[in-house]
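Asker: Contents of query.cif (mmCIF, C-alpha atoms and all ligand atoms):
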data_start
loop_
_atom_site.label_atom_id
_atom_site.label_comp_id
_atom_site.auth_asym_id
_atom_site.auth_seq_id
_atom_site.Cartn_x
_atom_site.Cartn_y
_atom_site.Cartn_z
CA MET A 96 0.00 0.00 0.00
CA SER A 97 1.15 3.53 -0.74
CA ILE A 98 1.39 6.36 1.76
CA LEU A 99 0.38 9.96 1.09
CA ALA A 100 2.34 12.63 2.93
CA PRO A 101 0.63 16.00 2.39
CA SER A 102 3.08 18.91 2.38
CA ILE A 103 2.12 21.76 4.71
CA LEU A 104 4.09 24.10 2.45
CA SER A 105 0.82 24.39 0.51
CA GLY A 106 -1.25 24.92 3.66
CA ASP A 107 -1.94 28.22 5.42
CA PHE A 108 1.03 29.13 7.62
CA ALA A 109 -1.20 31.19 9.91
CA TYR A 110 -3.27 28.08 10.64
CA LEU A 111 -0.83 25.18 10.68
CA GLY A 112 -2.73 23.47 13.50
CA GLU A 113 -5.86 23.49 11.34
CA ASP A 114 -3.85 22.10 8.43
CA LEU A 115 -2.69 19.20 10.59
CA LYS A 116 -6.31 18.46 11.53
CA THR A 117 -7.33 18.60 7.86
CA ILE A 118 -4.57 16.12 7.00
CA GLN A 119 -5.53 13.79 9.84
CA ASN A 120 -9.26 14.00 9.09
CA ALA A 121 -8.59 13.08 5.46
CA GLY A 122 -7.16 9.79 6.72
CA CYS A 123 -3.43 10.44 6.43
CA LYS A 124 -0.78 9.10 8.79
CA TRP A 125 2.09 11.27 7.56
CA VAL A 126 2.73 14.98 7.08
CA HIS A 127 5.62 16.36 5.03
CA VAL A 128 7.48 19.39 6.41
CA ASP A 129 9.70 21.38 4.04
CA VAL A 130 12.63 23.15 5.69
CA MET A 131 14.46 25.64 3.43
CA ASP A 132 17.41 27.85 4.32
CA GLY A 133 17.68 30.35 1.46
CA ASN A 134 21.07 28.88 0.49
CA PHE A 135 20.56 25.31 -0.64
CA VAL A 136 17.35 26.50 -2.27
CA PRO A 137 16.19 30.03 -3.12
CA ASN A 138 13.42 30.11 -0.51
CA ILE A 139 13.11 30.21 3.30
CA THR A 140 10.34 28.35 5.10
CA ILE A 141 10.11 26.45 8.36
CA GLY A 142 12.69 26.01 11.15
CA ILE A 143 13.27 24.05 14.35
CA PRO A 144 10.74 25.87 16.61
CA THR A 145 7.93 25.27 14.12
CA VAL A 146 8.73 21.55 13.94
CA ALA A 147 8.63 21.44 17.76
CA ALA A 148 5.27 23.24 17.76
CA LEU A 149 3.82 20.82 15.19
CA ARG A 150 5.08 17.88 17.27
CA LYS A 151 3.15 19.03 20.34
CA TYR A 152 0.00 19.30 18.29
CA THR A 153 -0.11 16.01 16.38
CA ASP A 154 0.70 12.31 16.40
CA LEU A 155 1.11 12.26 12.61
CA ILE A 156 4.48 10.98 11.38
CA LEU A 157 6.57 14.11 10.85
CA ASP A 158 8.47 13.66 7.60
CA VAL A 159 10.99 16.49 7.72
CA HIS A 160 12.68 17.34 4.41
CA LEU A 161 15.79 19.42 5.01
CA MET A 162 16.66 21.55 1.99
CA ILE A 163 19.58 23.16 3.79
CA ASP A 164 23.35 23.38 3.34
CA ARG A 165 25.51 21.18 5.59
CA PRO A 166 22.57 19.57 7.41
CA VAL A 167 24.97 17.75 9.77
CA ARG A 168 24.92 20.96 11.80
CA TYR A 169 21.20 20.74 12.47
CA VAL A 170 19.99 17.13 12.30
CA ASP A 171 20.26 16.68 16.09
CA ALA A 172 18.06 19.72 16.66
CA PHE A 173 15.40 18.55 14.20
CA CYS A 174 15.36 15.07 15.77
CA LYS A 175 14.99 16.56 19.25
CA ALA A 176 12.24 18.86 17.98
CA GLY A 177 10.25 15.72 17.17
CA ALA A 178 10.89 14.75 13.55
CA ASP A 179 10.23 11.06 12.83
CA TYR A 180 11.95 10.93 9.44
CA VAL A 181 14.78 13.34 8.66
CA THR A 182 15.74 13.64 4.99
CA ILE A 183 18.98 15.32 3.94
CA HIS A 184 20.22 16.07 0.43
CA VAL A 185 23.26 14.26 -0.98
CA GLU A 186 24.21 17.52 -2.74
CA ALA A 187 24.31 19.49 0.52
CA ASP A 188 27.66 18.36 1.96
CA THR A 189 30.64 16.00 1.64
CA GLU A 190 30.17 12.23 1.73
CA GLU A 191 31.87 12.10 5.13
CA ASN A 192 29.54 14.67 6.66
CA THR A 193 26.47 13.13 5.05
CA LEU A 194 27.37 9.75 6.59
CA LEU A 195 27.91 11.45 9.94
CA ALA A 196 24.53 13.17 9.70
CA LEU A 197 22.78 9.85 8.98
CA ASP A 198 24.49 8.31 12.03
CA LYS A 199 23.40 11.21 14.21
CA ILE A 200 19.78 10.78 13.11
CA HIS A 201 19.87 7.06 13.91
CA ALA A 202 21.62 7.66 17.23
CA LEU A 203 18.59 9.71 18.27
CA GLY A 204 16.27 6.85 17.33
CA LYS A 205 14.85 8.47 14.19
CA LYS A 206 14.58 7.32 10.57
CA ALA A 207 17.13 8.71 8.15
CA ALA A 208 16.72 9.44 4.45
CA VAL A 209 18.70 10.95 1.59
CA SER A 210 17.27 12.92 -1.29
CA VAL A 211 18.43 13.56 -4.84
CA LYS A 212 17.63 16.64 -6.93
CA PRO A 213 16.51 16.14 -10.57
CA ASN A 214 20.00 16.53 -12.03
CA THR A 215 21.63 14.16 -9.53
CA PRO A 216 22.03 10.56 -10.77
CA ALA A 217 20.77 7.51 -8.90
CA GLN A 218 24.37 6.39 -8.26
CA ALA A 219 24.87 9.36 -5.94
CA VAL A 220 23.02 7.45 -3.21
CA LEU A 221 25.36 4.44 -3.36
CA PRO A 222 27.60 5.50 -0.44
CA TYR A 223 24.49 5.76 1.77
CA LEU A 224 22.37 2.90 0.47
CA ASN A 225 22.86 0.56 3.40
CA LYS A 226 22.43 3.39 5.91
CA VAL A 227 19.06 4.81 4.95
CA ASP A 228 15.45 3.99 5.76
CA MET A 229 14.15 5.98 2.79
CA ILE A 230 15.31 7.64 -0.44
CA LEU A 231 13.50 10.74 -1.71
CA VAL A 232 13.49 11.35 -5.46
CA MET A 233 12.68 14.98 -6.26
CA THR A 234 10.29 15.30 -9.18
CA VAL A 235 10.70 19.11 -9.30
CA GLU A 236 13.65 21.40 -8.54
CA PRO A 237 13.39 21.85 -4.76
CA GLY A 238 12.37 25.26 -3.47
CA PHE A 239 8.72 25.86 -4.25
CA GLY A 240 5.38 24.10 -4.28
CA GLY A 241 3.07 24.11 -7.27
CA GLN A 242 5.61 23.20 -9.98
CA SER A 243 5.09 20.71 -12.81
CA PHE A 244 5.98 17.07 -12.33
CA MET A 245 9.17 15.95 -14.10
CA GLU A 246 8.30 12.66 -15.74
CA ASN A 247 11.93 12.18 -16.76
CA GLN A 248 12.73 11.29 -13.13
CA MET A 249 10.87 7.97 -13.43
CA GLU A 250 13.89 6.20 -14.89
CA LYS A 251 15.93 7.17 -11.84
CA LEU A 252 13.10 6.04 -9.57
CA SER A 253 12.93 2.59 -11.14
CA ALA A 254 16.75 2.31 -11.08
CA LEU A 255 16.61 3.04 -7.36
CA ARG A 256 13.83 0.49 -6.91
CA ASP A 257 16.13 -2.16 -8.40
CA LEU A 258 19.11 -1.01 -6.32
CA CYS A 259 17.06 -1.13 -3.12
CA ALA A 260 15.60 -4.55 -3.98
CA ALA A 261 19.12 -5.90 -4.33
CA ARG A 262 20.87 -4.10 -1.47
CA ASN A 263 18.38 -2.64 1.02
CA PRO A 264 14.93 -4.20 0.55
CA GLY A 265 13.45 -2.42 3.58
CA CYS A 266 14.25 1.00 2.16
CA LEU A 267 11.21 3.14 1.26
CA LEU A 268 11.16 5.20 -1.93
CA GLU A 269 9.51 8.62 -1.73
CA VAL A 270 8.67 11.15 -4.45
CA ASP A 271 8.12 14.88 -3.99
CA GLY A 272 6.98 17.56 -6.41
CA GLY A 273 4.03 17.90 -8.77
CA VAL A 274 2.36 14.74 -7.51
CA ASN A 275 -1.37 14.40 -8.22
CA ALA A 276 -3.65 11.41 -8.79
CA GLU A 277 -2.33 10.95 -12.33
CA THR A 278 1.41 11.49 -11.82
CA GLY A 279 1.12 9.58 -8.56
CA GLU A 280 0.12 6.45 -10.52
CA LEU A 281 3.28 6.74 -12.58
CA CYS A 282 5.37 7.08 -9.42
CA LYS A 283 3.78 3.99 -7.89
CA GLU A 284 4.36 2.01 -11.09
CA ASN A 285 8.04 2.92 -10.84
CA GLY A 286 8.45 1.92 -7.22
CA ALA A 287 7.41 4.88 -5.04
CA ARG A 288 5.86 3.92 -1.73
CA VAL A 289 5.54 7.36 -0.11
CA LEU A 290 4.07 10.19 -2.19
CA VAL A 291 4.32 13.82 -1.12
CA ALA A 292 1.61 16.15 -2.41
CA GLY A 293 1.24 19.82 -1.55
CA SER A 294 -0.96 21.70 -4.01
CA ALA A 295 -2.91 18.66 -5.21
CA PHE A 296 -3.88 17.73 -1.64
CA PHE A 297 -4.82 21.22 -0.44
CA LYS A 298 -6.70 22.03 -3.65
CA ALA A 299 -8.67 18.76 -3.64
CA GLU A 300 -12.31 19.39 -2.80
CA ASP A 301 -12.77 15.88 -1.48
CA LYS A 302 -9.53 15.27 0.40
CA THR A 303 -10.58 11.86 1.73
CA ALA A 304 -11.21 10.68 -1.85
CA PHE A 305 -7.84 12.11 -2.94
CA VAL A 306 -6.05 10.21 -0.16
CA LYS A 307 -7.87 7.01 -1.10
CA ALA A 308 -6.96 7.46 -4.79
CA ILE A 309 -3.28 7.84 -3.92
CA GLU A 310 -3.13 5.18 -1.22
CA ARG A 311 -4.94 2.39 -3.01
C1 LIG A 401 9.44 21.48 -3.02
C2 LIG A 401 9.00 20.74 -1.77
C3 LIG A 401 7.75 19.97 -1.91
C4 LIG A 401 6.51 20.77 -2.19
C5 LIG A 401 5.63 19.95 -3.08
O1 LIG A 401 10.74 21.91 -2.84
O2 LIG A 401 10.02 19.86 -1.36
O3 LIG A 401 7.53 19.16 -0.76
O4 LIG A 401 5.77 21.11 -1.04
O5 LIG A 401 4.56 20.71 -3.49
P1 LIG A 401 3.69 20.30 -4.76
O6 LIG A 401 3.03 19.01 -4.44
O7 LIG A 401 2.75 21.45 -4.88
O8 LIG A 401 4.63 20.19 -5.93
ZN ZN A 402 9.59 18.34 0.24
#
Can you dump the structure from the file as structure tokens?
Ligand code: DX5
Ligand code: ZN
Answerer:
Amino acid sequence: MSILAPSILSGDFAYLGEDLKTIQNAGCKWVHVDVMDGNFVPNITIGIPTVAALRKYTDLILDVHLMIDRPVRYVDAFCKAGADYVTIHVEADTEENTLLALDKIHALGKKAAVSVKPNTPAQAVLPYLNKVDMILVMTVEPGFGGQSFMENQMEKLSALRDLCAARNPGCLLEVDGGVNAETGELCKENGARVLVAGSAFFKAEDKTAFVKAIER
């Protein structure tokens, strides 16, 4: 079964608590939280205090996507703030520091993931493959919600599905960017288990039906 993780980036930042209720009432178990630093990506969004505030308010699985430079500096803080999954980008630091960051996340009892931007090849995850609980394939350039799905990322997704099957069968594959009912099908066909959707979820009139369509 697939998992939908609605992205609160497309919610209303003045009413995040309401957004969490909307997500939960639609039948979701996960919520995706986009952290951006204005360096790794050209946008600034949520930080550690907001993640801590969300944690106090919900039992949903907090899927925290760090789009920040040198995340090794901050993974401890995001884990302690209550993240359940912490995703870092392979492009954001050296291999040594990325490995260290994954260890720090696990040492705090949380799930660790790496993400690849559209121009980063599948092979870039190889040094981390046996150390991750999830791999996130970006299907847009990270930074903003509401962009068009990049179908050309499906080849990478299916290559990663094969790599995981051979070397880390428990590893989840996640996609993020431009996911709707239609593009979500394509992602599932190519091995995605967790699907992030921002605009498509928040724009859906019948959110419960949207969740069911994605999760079936
Ligand atoms: C983009 C973010 C996504 C974003 C997805 O950098 O990582 O999580 O919220 O939004 P949609 O689903 O609108 O593309
Ligand atoms: Zn994201």
Asker: Contacts between ligand ZN 402 (chain A) and chain A, please, where a residue of chain A counts if it comes within 7 Å (with all atoms listed in the file); show its shortest atom pair and distance in Å to one decimal, rows by chain and ascending number, as a Markdown table.
Answerer:
| residue | atom | partner | partner_atom | distance |
| --- | --- | --- | --- | --- |
| A:Ser102 | CA | A:ZN402 | ZN | 6.9 |
| A:His127 | CA | A:ZN402 | ZN | 6.5 |
| A:Val128 | CA | A:ZN402 | ZN | 6.6 |
| A:Asp129 | CA | A:ZN402 | ZN | 4.9 |
| A:His160 | CA | A:ZN402 | ZN | 5.3 |
| A:Asp271 | CA | A:ZN402 | ZN | 5.7 |
Asker: Grab all the atoms of ligand LIG 401 (chain A) that the file lists, wrap them in a box along x, y and z, add 6 Å per side, and give me centre plus edge lengths in Å (one decimal) as AutoDock Vina command-line options.
Answerer:
--center_x 6.7 --center_y 20.5 --center_z -3.3 --size_x 20.0 --size_y 14.9 --size_z 17.2
Asker: May I ask you to write as number ranges by chain all residues lying at most 8 Å from ligand LIG 401 (chain A), with only C-alpha atoms and all ligand atoms counted?
Answerer: A: 101-105, 127-129, 160, 162, 233, 235-244, 271-275, 291-296
Asker: Restricting the calculation to only C-alpha atoms: of A:Cys282, A:Leu161, A:Ile156, A:Ile118, which residue gets closest to Lys302 in chain A?
Answerer: A:Ile118
Asker: Which protein, DNA or RNA residues have an atom at most 10 Å from (18.6, 6.4, 14.7), counting all atoms listed in the file? List them as a PDB file with C-alpha atoms, in the coordinates of the input.
Answerer:
ATOM      1  CA  CYS A 174      15.360  15.070  15.770  1.00  0.00           C
ATOM      2  CA  ASP A 179      10.230  11.060  12.830  1.00  0.00           C
ATOM      3  CA  TYR A 180      11.950  10.930   9.440  1.00  0.00           C
ATOM      4  CA  VAL A 181      14.780  13.340   8.660  1.00  0.00           C
ATOM      5  CA  LEU A 197      22.780   9.850   8.980  1.00  0.00           C
ATOM      6  CA  ASP A 198      24.490   8.310  12.030  1.00  0.00           C
ATOM      7  CA  LYS A 199      23.400  11.210  14.210  1.00  0.00           C
ATOM      8  CA  ILE A 200      19.780  10.780  13.110  1.00  0.00           C
ATOM      9  CA  HIS A 201      19.870   7.060  13.910  1.00  0.00           C
ATOM     10  CA  ALA A 202      21.620   7.660  17.230  1.00  0.00           C
ATOM     11  CA  LEU A 203      18.590   9.710  18.270  1.00  0.00           C
ATOM     12  CA  GLY A 204      16.270   6.850  17.330  1.00  0.00           C
ATOM     13  CA  LYS A 205      14.850   8.470  14.190  1.00  0.00           C
ATOM     14  CA  LYS A 206      14.580   7.320  10.570  1.00  0.00           C
ATOM     15  CA  ALA A 207      17.130   8.710   8.150  1.00  0.00           C
ATOM     16  CA  VAL A 227      19.060   4.810   4.950  1.00  0.00           C
ATOM     17  CA  ASP A 228      15.450   3.990   5.760  1.00  0.00           C
TER      18      ASP A 228
END
Asker: So, with all atoms listed in the file as the atoms that count, which of A:Glu186, A:Glu191, A:Asp301, A:Asp132 lies closest to Thr215 in chain A?
Answerer: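 Among the listed residues, A:Glu186 lies closest to Thr215 in chain A.
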Asker: May I ask which of the residues A:Ala100, A:Gln248, A:Leu195, A:Thr234 is the closest one to Pro216 in chain A, counting all atoms listed in the file?
Answerer: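 Nearest to Pro216 in chain A: A:Gln248.
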Asker: Return the single residue from A:Ala261, A:Val220, A:Val130, A:Ala172 that is closest to Asp158 in chain A, with distances computed using only C-alpha atoms.
Answerer: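 Smallest separation from Asp158 in chain A among the options: A:Val130.
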Asker: Within 7 Å of (27.9, 19.3, 3.4) (file coordinates; only C-alpha atoms), which protein or nucleic acid residues are there? I'd like them as a count of residues only.
Answerer: 8
Asker: By how many Å are CA of Thr153 in chain A and CA of Lys175 in chain A apart?
Answerer: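 Between these atoms lies a distance of 15.4 Å.
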Asker: Tell me which of A:Tyr110, A:Asn285, A:Ile163, A:His184 sits closest to Gly133 in chain A, counting all atoms listed in the file.
Answerer: A:Ile163
Asker: Name the residues in contact with Glu310 in chain A at a cut-off of 6 Å, using all atoms listed in the file, excluding same-chain residues fewer than 4 positions from it; report them as a PyMOL selection string.
Answerer: chain A and resi 97-98+306
Asker: Write out, as a PDB file, in the frame of the given file, the residues just selected, with C-alpha atoms.
Answerer:
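To be explicit, this is the file written out as result.pdb:
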ATOM      1  CA  SER A  97       1.150   3.530  -0.740  1.00  0.00           C
ATOM      2  CA  ILE A  98       1.390   6.360   1.760  1.00  0.00           C
ATOM      3  CA  VAL A 306      -6.050  10.210  -0.160  1.00  0.00           C
TER       4      VAL A 306
END
Asker: Using all atoms listed in the file, which protein or nucleic acid residues come within 6 Å of Val209 in chain A? Drop anything in the same chain fewer than 4 positions from it, and give the result as a PyMOL selection string.
Answerer: chain A and resi 182-184+230
Asker: Quick one: distance from CA of Leu267 in chain A to CA of Met229 in chain A in Å, one decimal?
Answerer: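 Separation of CA of Leu267 in chain A and CA of Met229 in chain A: 4.4 Å.
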Asker: Counting only C-alpha atoms, which of A:Val232, A:Ile141, A:Val185, A:Leu115 gets nearest to Asp154 in chain A?
Answerer: A:Leu115
Asker: One decimal, in Å: what's the spacing between CA of Gly177 in chain A and CA of Ala147 in chain A?
Answerer: 6.0 Å
Asker: Fix up range 169-194 of chain A with N, CA and C atoms, then write it as a compact mmCIF listing (two decimals), keeping the file's coordinate frame.
Answerer:
# COMPACT_ATOMS: atom_id res chain seq x y z
N TYR A 169 22.54 20.53 11.90
CA TYR A 169 21.20 20.74 12.47
C TYR A 169 20.36 19.48 12.67
N VAL A 170 20.86 18.32 12.22
CA VAL A 170 19.99 17.13 12.30
C VAL A 170 19.63 16.79 13.75
N ASP A 171 20.57 16.96 14.67
CA ASP A 171 20.26 16.68 16.09
C ASP A 171 19.07 17.52 16.54
N ALA A 172 19.11 18.80 16.21
CA ALA A 172 18.06 19.72 16.66
C ALA A 172 16.70 19.34 16.06
N PHE A 173 16.69 18.94 14.80
CA PHE A 173 15.40 18.55 14.20
C PHE A 173 14.89 17.24 14.81
N CYS A 174 15.79 16.32 15.11
CA CYS A 174 15.36 15.07 15.77
C CYS A 174 14.78 15.39 17.14
N LYS A 175 15.48 16.23 17.90
CA LYS A 175 14.99 16.56 19.25
C LYS A 175 13.70 17.38 19.20
N ALA A 176 13.49 18.10 18.13
CA ALA A 176 12.24 18.86 17.98
C ALA A 176 11.06 17.94 17.70
N GLY A 177 11.35 16.67 17.32
CA GLY A 177 10.25 15.72 17.17
C GLY A 177 10.05 15.15 15.78
N ALA A 178 11.00 15.36 14.88
CA ALA A 178 10.89 14.75 13.55
C ALA A 178 10.92 13.22 13.70
N ASP A 179 10.17 12.52 12.85
CA ASP A 179 10.23 11.06 12.83
C ASP A 179 11.17 10.58 11.73
N TYR A 180 11.03 11.17 10.57
CA TYR A 180 11.95 10.93 9.44
C TYR A 180 12.69 12.24 9.19
N VAL A 181 14.01 12.15 9.03
CA VAL A 181 14.78 13.34 8.66
C VAL A 181 15.48 13.03 7.34
N THR A 182 15.15 13.83 6.32
CA THR A 182 15.74 13.64 4.99
C THR A 182 16.75 14.75 4.73
N ILE A 183 17.95 14.34 4.30
CA ILE A 183 18.98 15.32 3.94
C ILE A 183 19.35 15.12 2.47
N HIS A 184 19.87 16.16 1.84
CA HIS A 184 20.22 16.07 0.43
C HIS A 184 21.66 15.64 0.25
N VAL A 185 21.89 14.72 -0.71
CA VAL A 185 23.26 14.26 -0.98
C VAL A 185 24.12 15.39 -1.55
N GLU A 186 23.46 16.41 -2.12
CA GLU A 186 24.21 17.52 -2.74
C GLU A 186 24.64 18.56 -1.71
N ALA A 187 24.18 18.40 -0.45
CA ALA A 187 24.31 19.49 0.52
C ALA A 187 25.61 19.49 1.32
N ASP A 188 26.41 18.40 1.18
CA ASP A 188 27.66 18.36 1.96
C ASP A 188 28.57 17.25 1.41
N THR A 189 29.73 17.06 2.05
CA THR A 189 30.64 16.00 1.64
C THR A 189 30.07 14.64 2.02
N GLU A 190 30.62 13.59 1.40
CA GLU A 190 30.17 12.23 1.73
C GLU A 190 30.39 11.94 3.22
N GLU A 191 31.53 12.35 3.72
CA GLU A 191 31.87 12.10 5.13
C GLU A 191 30.83 12.75 6.07
N ASN A 192 30.51 13.98 5.80
CA ASN A 192 29.54 14.67 6.66
C ASN A 192 28.13 14.13 6.50
N THR A 193 27.80 13.71 5.28
CA THR A 193 26.47 13.13 5.05
C THR A 193 26.34 11.82 5.85
N LEU A 194 27.40 11.00 5.81
CA LEU A 194 27.37 9.75 6.59
C LEU A 194 27.23 10.05 8.08
